[in-house]
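Let me begin by presenting the structure, written as structure tokens, before commenting on it.
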Amino acid sequence: MAIDLTHKVCLITGADEGVGFGLAQGFLDRGALVAAGLLNPTDFNSQGTSIFGVPMDVTDPDQIESAIATVIEKFGRIDVLINNAGIYPRIPADEVSPEDWHRVQEVNLNGTWRSSMAILPHFKAQGSGSIINIGSVTLRLGMANLSHYISSKGGVVGLTRGMARDVGKFGVRVNCLHLGAIRTEGESRLSPADATALAEVENLQSMPGRQTPATIEPTFAFFASDESADITGQCLTVDRGWLHE
């Protein structure tokens, strides 16, 4: 049976493009009411969909609170938060500056924490909610030029497990999905060497073919749905068999 998200209100951060926007489109097709947290709302193109866009820079606590309040005013509630916003600048470990380090942590780890903390009072009050965090296979692989990014994703795993223990008694679930190499618009902005490395990932996977936002969307839909009601505090790898763990 297809996963049904009818009337589920889902807020997805970092949904300007890429994975976030692809999830928003897929959730709409499943009947969800979708709000897209946007870094650049003036440039957002919903491509004719009914995605509800709100400004939501995850490094700005006031904007996060405002975005959540706006979505609740629009739809009456929020059922699912997907902490998708993230950055992954490629820099060798011995060249990472303090500014580089703090910027990645601010978006990837602290942004996930801020957004979760802002929405938890609403989830606790309604006695339900699903938070889906984004991890990465790089946490296990230890890839070059991503030490600051990998560290941030390690923190997200710890946050996922700790929050799940603390908020489960309120009916709130927290899980993390470790993603492989997703083909998105962002690849066009990578250096030629990085783009080539991503293209070669397919040879390391158990199953051929690059992942796309559309191919990973059903897994997110499952964790957003009531079908996964017994699952919390877990990390699932979704990478076409690149990493075995």
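Quick note on naming: the chains in the structure tokens go A, B, ... in the order shown, residues restart at 1 in each chain, and ligands are numbered from 1 in order of appearance.
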
Show which residues sit within 10 Å of Tyr88 in chain A, as a list in words. Count only C-alpha atoms, and ignore same-chain residues fewer than 6 positions away.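 The neighbour list is Val104, Val107, Asn108, Asn145, Leu146, Ser147, His148, Tyr149, Ile150 and Ser152 of chain A.
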
Write a file of the just-selected residues containing C-alpha atoms, as a PDB file, in the first residue's frame.
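Printed below is result_0.pdb as written:
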```pdb
ATOM      1  CA  VAL A 104      29.106  24.281   9.479  1.00  0.00           C
ATOM      2  CA  VAL A 107      23.824  25.250  10.260  1.00  0.00           C
ATOM      3  CA  ASN A 108      24.057  21.466  10.440  1.00  0.00           C
ATOM      4  CA  ASN A 145      37.830  17.308   2.866  1.00  0.00           C
ATOM      5  CA  LEU A 146      34.732  16.957   5.050  1.00  0.00           C
ATOM      6  CA  SER A 147      36.026  16.729   8.629  1.00  0.00           C
ATOM      7  CA  HIS A 148      33.906  19.681   9.808  1.00  0.00           C
ATOM      8  CA  TYR A 149      30.810  18.326   8.042  1.00  0.00           C
ATOM      9  CA  ILE A 150      31.308  14.777   9.359  1.00  0.00           C
ATOM     10  CA  SER A 152      28.441  18.005  12.617  1.00  0.00           C
TER      11      SER A 152
END
```

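The closest residue to Pro41 in chain A, picked from A:Thr70, A:Thr59, A:Gly20, A:Ala15 and counting only C-alpha atoms, is A:Ala15.
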
Quick check for you: according to DSSP on this backbone, which residues of range 2-243 of chain A are classed as helix (DSSP H, G or I)? Reply as a count of residues only. 123

Would you compute the distance between CA of Thr212 in chain A and CA of Ile82 in chain A? Give it in Å to one decimal.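 Rounded to one decimal, the two atoms are 17.0 Å apart.
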
As a compact mmCIF listing (two decimals) with N, CA and C atoms, in the first residue's frame, please: the residues near Ser116 in chain A (cut-off 9 Å, only C-alpha atoms, same-chain neighbours under 5 positions excluded).
```txt
# COMPACT_ATOMS: atom_id res chain seq x y z
N LEU A 81 8.52 17.44 11.52
CA LEU A 81 9.62 18.37 11.22
C LEU A 81 10.75 17.57 10.59
N ASN A 83 14.51 18.09 9.56
CA ASN A 83 15.66 18.98 9.69
C ASN A 83 16.63 18.72 8.54
N GLY A 111 21.53 24.24 13.97
CA GLY A 111 20.27 24.50 13.29
C GLY A 111 19.25 23.40 13.53
N ILE A 131 10.11 13.96 14.43
CA ILE A 131 11.27 14.74 13.97
C ILE A 131 12.17 13.80 13.20
```

Backbone DSSP call of strand (DSSP E or B) for range 32-224 of chain A, listed as number ranges by chain: A: 33-38, 52-55, 80-83, 129-136, 172-179, 182, 211

I need the residues from that last selection saved to file as a short mmCIF file (atom, residue, chain, number, x, y, z; two decimals), in the first residue's frame (with N, CA and C atoms), if you can.
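Ended up saving to part-v2.cif:
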```cif
data_model
loop_
_atom_site.label_atom_id
_atom_site.label_comp_id
_atom_site.auth_asym_id
_atom_site.auth_seq_id
_atom_site.Cartn_x
_atom_site.Cartn_y
_atom_site.Cartn_z
N LEU A 33 0.02 18.39 3.94
CA LEU A 33 0.05 19.85 3.88
C LEU A 33 1.48 20.24 4.17
N VAL A 34 2.16 20.85 3.19
CA VAL A 34 3.61 21.00 3.27
C VAL A 34 4.01 22.46 3.40
N ALA A 35 4.86 22.71 4.39
CA ALA A 35 5.48 24.02 4.57
C ALA A 35 6.97 23.88 4.31
N ALA A 36 7.51 24.78 3.49
CA ALA A 36 8.93 24.75 3.15
C ALA A 36 9.64 25.87 3.89
N GLY A 37 10.58 25.50 4.75
CA GLY A 37 11.42 26.50 5.40
C GLY A 37 12.49 26.95 4.41
N LEU A 38 12.53 28.25 4.12
CA LEU A 38 13.34 28.76 3.03
C LEU A 38 14.43 29.72 3.51
N PHE A 52 3.67 25.70 0.88
CA PHE A 52 3.58 26.96 1.61
C PHE A 52 4.98 27.35 2.08
N GLY A 53 5.55 28.39 1.50
CA GLY A 53 6.91 28.79 1.83
C GLY A 53 6.96 29.80 2.96
N VAL A 54 7.92 29.60 3.88
CA VAL A 54 8.13 30.55 4.98
C VAL A 54 9.62 30.80 5.13
N PRO A 55 10.01 32.05 5.42
CA PRO A 55 11.43 32.32 5.68
C PRO A 55 11.87 31.54 6.92
N VAL A 80 5.04 16.95 11.57
CA VAL A 80 6.35 16.41 11.20
C VAL A 80 7.32 17.57 10.96
N LEU A 81 8.52 17.44 11.52
CA LEU A 81 9.62 18.37 11.22
C LEU A 81 10.75 17.57 10.59
N ILE A 82 11.17 17.97 9.41
CA ILE A 82 12.34 17.36 8.77
C ILE A 82 13.47 18.38 8.80
N ASN A 83 14.51 18.09 9.56
CA ASN A 83 15.66 18.98 9.69
C ASN A 83 16.63 18.72 8.54
N GLY A 129 4.17 13.83 17.41
CA GLY A 129 5.06 14.54 16.50
C GLY A 129 6.20 13.65 16.07
N SER A 130 6.70 13.90 14.88
CA SER A 130 7.84 13.14 14.36
C SER A 130 8.91 14.11 13.88
N ILE A 131 10.11 13.96 14.43
CA ILE A 131 11.27 14.74 13.97
C ILE A 131 12.17 13.80 13.20
N ILE A 132 12.51 14.19 11.98
CA ILE A 132 13.39 13.39 11.14
C ILE A 132 14.64 14.22 10.86
N ASN A 133 15.77 13.76 11.36
CA ASN A 133 17.04 14.45 11.15
C ASN A 133 17.80 13.83 9.98
N ILE A 134 18.72 14.59 9.43
CA ILE A 134 19.50 14.13 8.28
C ILE A 134 20.93 13.86 8.71
N GLY A 135 21.34 12.60 8.57
CA GLY A 135 22.73 12.23 8.82
C GLY A 135 23.47 12.08 7.50
N SER A 136 24.53 11.30 7.50
CA SER A 136 25.30 11.10 6.28
C SER A 136 26.14 9.84 6.39
N VAL A 172 6.37 11.87 21.14
CA VAL A 172 7.19 12.46 20.08
C VAL A 172 8.31 11.49 19.70
N ARG A 173 8.46 11.26 18.41
CA ARG A 173 9.50 10.36 17.90
C ARG A 173 10.61 11.18 17.23
N VAL A 174 11.85 10.69 17.35
CA VAL A 174 13.01 11.35 16.73
C VAL A 174 13.88 10.29 16.07
N ASN A 175 14.10 10.42 14.78
CA ASN A 175 14.92 9.47 14.04
C ASN A 175 15.86 10.21 13.10
N CYS A 176 16.82 9.47 12.56
CA CYS A 176 17.82 10.07 11.67
C CYS A 176 18.02 9.17 10.46
N LEU A 177 18.08 9.77 9.28
CA LEU A 177 18.34 9.02 8.05
C LEU A 177 19.70 9.43 7.49
N HIS A 178 20.59 8.45 7.38
CA HIS A 178 21.91 8.67 6.80
C HIS A 178 21.81 8.50 5.28
N LEU A 179 22.06 9.56 4.56
CA LEU A 179 21.89 9.52 3.11
C LEU A 179 23.23 9.32 2.39
N ILE A 182 23.26 11.88 -3.19
CA ILE A 182 22.00 12.26 -3.84
C ILE A 182 22.28 13.22 -4.99
N GLN A 211 21.16 8.00 -6.46
CA GLN A 211 19.97 8.37 -5.71
C GLN A 211 19.52 9.77 -6.12
#
```

Quick one: distance from CA of Leu141 in chain A to CA of Val238 in chain A in Å, one decimal?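 Answer for the CA of Leu141 in chain A to CA of Val238 in chain A separation: 14.0 Å.
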
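Counting only C-alpha atoms, the residue from A:Arg114, A:Ala93, A:Ala32, A:Asp16 that sits nearest to Asp62 in chain A is A:Arg114.
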
Report as JSON, numbers by chain all protein, DNA and RNA residues lying within 12 Å of Asp239 in chain A, evaluated on only C-alpha atoms, omitting residues in the same chain fewer than 6 positions from it. {"A": [135, 136, 137, 138, 177, 178, 179, 180, 181, 182, 183, 201, 202, 204, 205, 206, 207, 208, 209, 210, 211, 212, 213, 215, 216, 219, 245]}

With N, CA and C atoms retained, could you export that selection as a PDB file, in the first residue's frame?
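This is the output file part19.pdb:
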```pdb
ATOM      1  N   GLY A 135      21.342  12.601   8.570  1.00  0.00           N
ATOM      2  CA  GLY A 135      22.727  12.234   8.817  1.00  0.00           C
ATOM      3  C   GLY A 135      23.469  12.081   7.500  1.00  0.00           C
ATOM      4  N   SER A 136      24.528  11.300   7.502  1.00  0.00           N
ATOM      5  CA  SER A 136      25.297  11.102   6.278  1.00  0.00           C
ATOM      6  C   SER A 136      26.144   9.842   6.393  1.00  0.00           C
ATOM      7  N   VAL A 137      26.311   9.129   5.279  1.00  0.00           N
ATOM      8  CA  VAL A 137      27.192   7.965   5.272  1.00  0.00           C
ATOM      9  C   VAL A 137      28.636   8.375   5.522  1.00  0.00           C
ATOM     10  N   THR A 138      28.960   9.643   5.312  1.00  0.00           N
ATOM     11  CA  THR A 138      30.341  10.090   5.539  1.00  0.00           C
ATOM     12  C   THR A 138      30.755   9.923   6.995  1.00  0.00           C
ATOM     13  N   LEU A 177      18.082   9.770   9.282  1.00  0.00           N
ATOM     14  CA  LEU A 177      18.338   9.025   8.052  1.00  0.00           C
ATOM     15  C   LEU A 177      19.699   9.428   7.493  1.00  0.00           C
ATOM     16  N   HIS A 178      20.594   8.447   7.380  1.00  0.00           N
ATOM     17  CA  HIS A 178      21.912   8.674   6.797  1.00  0.00           C
ATOM     18  C   HIS A 178      21.806   8.496   5.284  1.00  0.00           C
ATOM     19  N   LEU A 179      22.057   9.559   4.557  1.00  0.00           N
ATOM     20  CA  LEU A 179      21.893   9.519   3.110  1.00  0.00           C
ATOM     21  C   LEU A 179      23.226   9.316   2.391  1.00  0.00           C
ATOM     22  N   GLY A 180      23.136   8.671   1.232  1.00  0.00           N
ATOM     23  CA  GLY A 180      24.304   8.501   0.379  1.00  0.00           C
ATOM     24  C   GLY A 180      24.458   9.692  -0.556  1.00  0.00           C
ATOM     25  N   ALA A 181      24.922   9.420  -1.759  1.00  0.00           N
ATOM     26  CA  ALA A 181      25.187  10.484  -2.732  1.00  0.00           C
ATOM     27  C   ALA A 181      23.912  10.775  -3.523  1.00  0.00           C
ATOM     28  N   ILE A 182      23.257  11.880  -3.188  1.00  0.00           N
ATOM     29  CA  ILE A 182      22.002  12.259  -3.839  1.00  0.00           C
ATOM     30  C   ILE A 182      22.283  13.218  -4.991  1.00  0.00           C
ATOM     31  N   ARG A 183      21.771  12.905  -6.158  1.00  0.00           N
ATOM     32  CA  ARG A 183      21.955  13.812  -7.293  1.00  0.00           C
ATOM     33  C   ARG A 183      20.984  14.990  -7.160  1.00  0.00           C
ATOM     34  N   VAL A 201      30.815   7.334  -7.185  1.00  0.00           N
ATOM     35  CA  VAL A 201      30.220   6.641  -6.042  1.00  0.00           C
ATOM     36  C   VAL A 201      29.384   5.453  -6.491  1.00  0.00           C
ATOM     37  N   GLU A 202      28.761   5.589  -7.646  1.00  0.00           N
ATOM     38  CA  GLU A 202      27.893   4.513  -8.133  1.00  0.00           C
ATOM     39  C   GLU A 202      28.634   3.185  -8.193  1.00  0.00           C
ATOM     40  N   LEU A 204      30.735   2.125  -6.144  1.00  0.00           N
ATOM     41  CA  LEU A 204      30.948   1.620  -4.791  1.00  0.00           C
ATOM     42  C   LEU A 204      29.665   1.097  -4.164  1.00  0.00           C
ATOM     43  N   GLN A 205      28.546   1.366  -4.797  1.00  0.00           N
ATOM     44  CA  GLN A 205      27.257   0.934  -4.264  1.00  0.00           C
ATOM     45  C   GLN A 205      26.987  -0.523  -4.628  1.00  0.00           C
ATOM     46  N   SER A 206      26.179  -1.178  -3.802  1.00  0.00           N
ATOM     47  CA  SER A 206      25.758  -2.537  -4.138  1.00  0.00           C
ATOM     48  C   SER A 206      24.794  -2.540  -5.318  1.00  0.00           C
ATOM     49  N   MET A 207      23.994  -1.486  -5.404  1.00  0.00           N
ATOM     50  CA  MET A 207      23.016  -1.354  -6.480  1.00  0.00           C
ATOM     51  C   MET A 207      23.410  -0.174  -7.349  1.00  0.00           C
ATOM     52  N   PRO A 208      23.423  -0.334  -8.669  1.00  0.00           N
ATOM     53  CA  PRO A 208      23.795   0.767  -9.547  1.00  0.00           C
ATOM     54  C   PRO A 208      22.722   1.848  -9.561  1.00  0.00           C
ATOM     55  N   GLY A 209      23.110   3.029 -10.047  1.00  0.00           N
ATOM     56  CA  GLY A 209      22.160   4.120 -10.189  1.00  0.00           C
ATOM     57  C   GLY A 209      22.295   5.136  -9.066  1.00  0.00           C
ATOM     58  N   ARG A 210      22.289   6.396  -9.438  1.00  0.00           N
ATOM     59  CA  ARG A 210      22.402   7.447  -8.446  1.00  0.00           C
ATOM     60  C   ARG A 210      21.078   7.668  -7.730  1.00  0.00           C
ATOM     61  N   GLN A 211      21.164   7.996  -6.462  1.00  0.00           N
ATOM     62  CA  GLN A 211      19.974   8.372  -5.711  1.00  0.00           C
ATOM     63  C   GLN A 211      19.524   9.773  -6.120  1.00  0.00           C
ATOM     64  N   THR A 212      18.229  10.008  -5.987  1.00  0.00           N
ATOM     65  CA  THR A 212      17.648  11.326  -6.244  1.00  0.00           C
ATOM     66  C   THR A 212      16.676  11.638  -5.106  1.00  0.00           C
ATOM     67  N   PRO A 213      16.255  12.892  -4.984  1.00  0.00           N
ATOM     68  CA  PRO A 213      15.241  13.190  -3.977  1.00  0.00           C
ATOM     69  C   PRO A 213      14.001  12.303  -4.109  1.00  0.00           C
ATOM     70  N   THR A 215      13.841   9.177  -5.173  1.00  0.00           N
ATOM     71  CA  THR A 215      14.046   7.781  -4.758  1.00  0.00           C
ATOM     72  C   THR A 215      14.133   7.635  -3.244  1.00  0.00           C
ATOM     73  N   ILE A 216      14.558   8.672  -2.542  1.00  0.00           N
ATOM     74  CA  ILE A 216      14.647   8.578  -1.080  1.00  0.00           C
ATOM     75  C   ILE A 216      13.369   9.050  -0.386  1.00  0.00           C
ATOM     76  N   THR A 219      11.151   6.683   1.912  1.00  0.00           N
ATOM     77  CA  THR A 219      11.660   6.367   3.243  1.00  0.00           C
ATOM     78  C   THR A 219      11.312   7.480   4.229  1.00  0.00           C
ATOM     79  N   GLU A 245      26.460  -1.552   7.347  1.00  0.00           N
ATOM     80  CA  GLU A 245      26.650  -1.427   8.807  1.00  0.00           C
ATOM     81  C   GLU A 245      25.495  -2.082   9.525  1.00  0.00           C
TER      82      GLU A 245
END
```

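Coordinates place CA of Arg77 in chain A at a distance of 6.7 Å from CA of Val9 in chain A.
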
Which residue out of A:Ile91, A:Val71, A:Val156, A:Thr184 has the minimum interatomic distance to Ala214 in chain A when only C-alpha atoms are used?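 Of A:Ile91, A:Val71, A:Val156, A:Thr184, the one nearest Ala214 in chain A, counting only C-alpha atoms, is A:Thr184.
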
Top pick for closest residue to Pro218 in chain A, considering A:Gly18, A:Gly26, A:Gly127, A:Gly241 and counting only C-alpha atoms: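 The shortest atom-to-atom distance to Pro218 in chain A comes from A:Gly26.
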
Selection near Gln126 in chain A, 12 Å with only C-alpha atoms, sequence-local residues under 4 positions removed, as a PyMOL selection string: chain A and resi 76-79+119-122+130+170-172

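In terms of minimum interatomic distance to Leu23 in chain A, A:Phe220 ranks closest within A:Lys169, A:Gln63, A:Arg140, A:Phe220, counting only C-alpha atoms.
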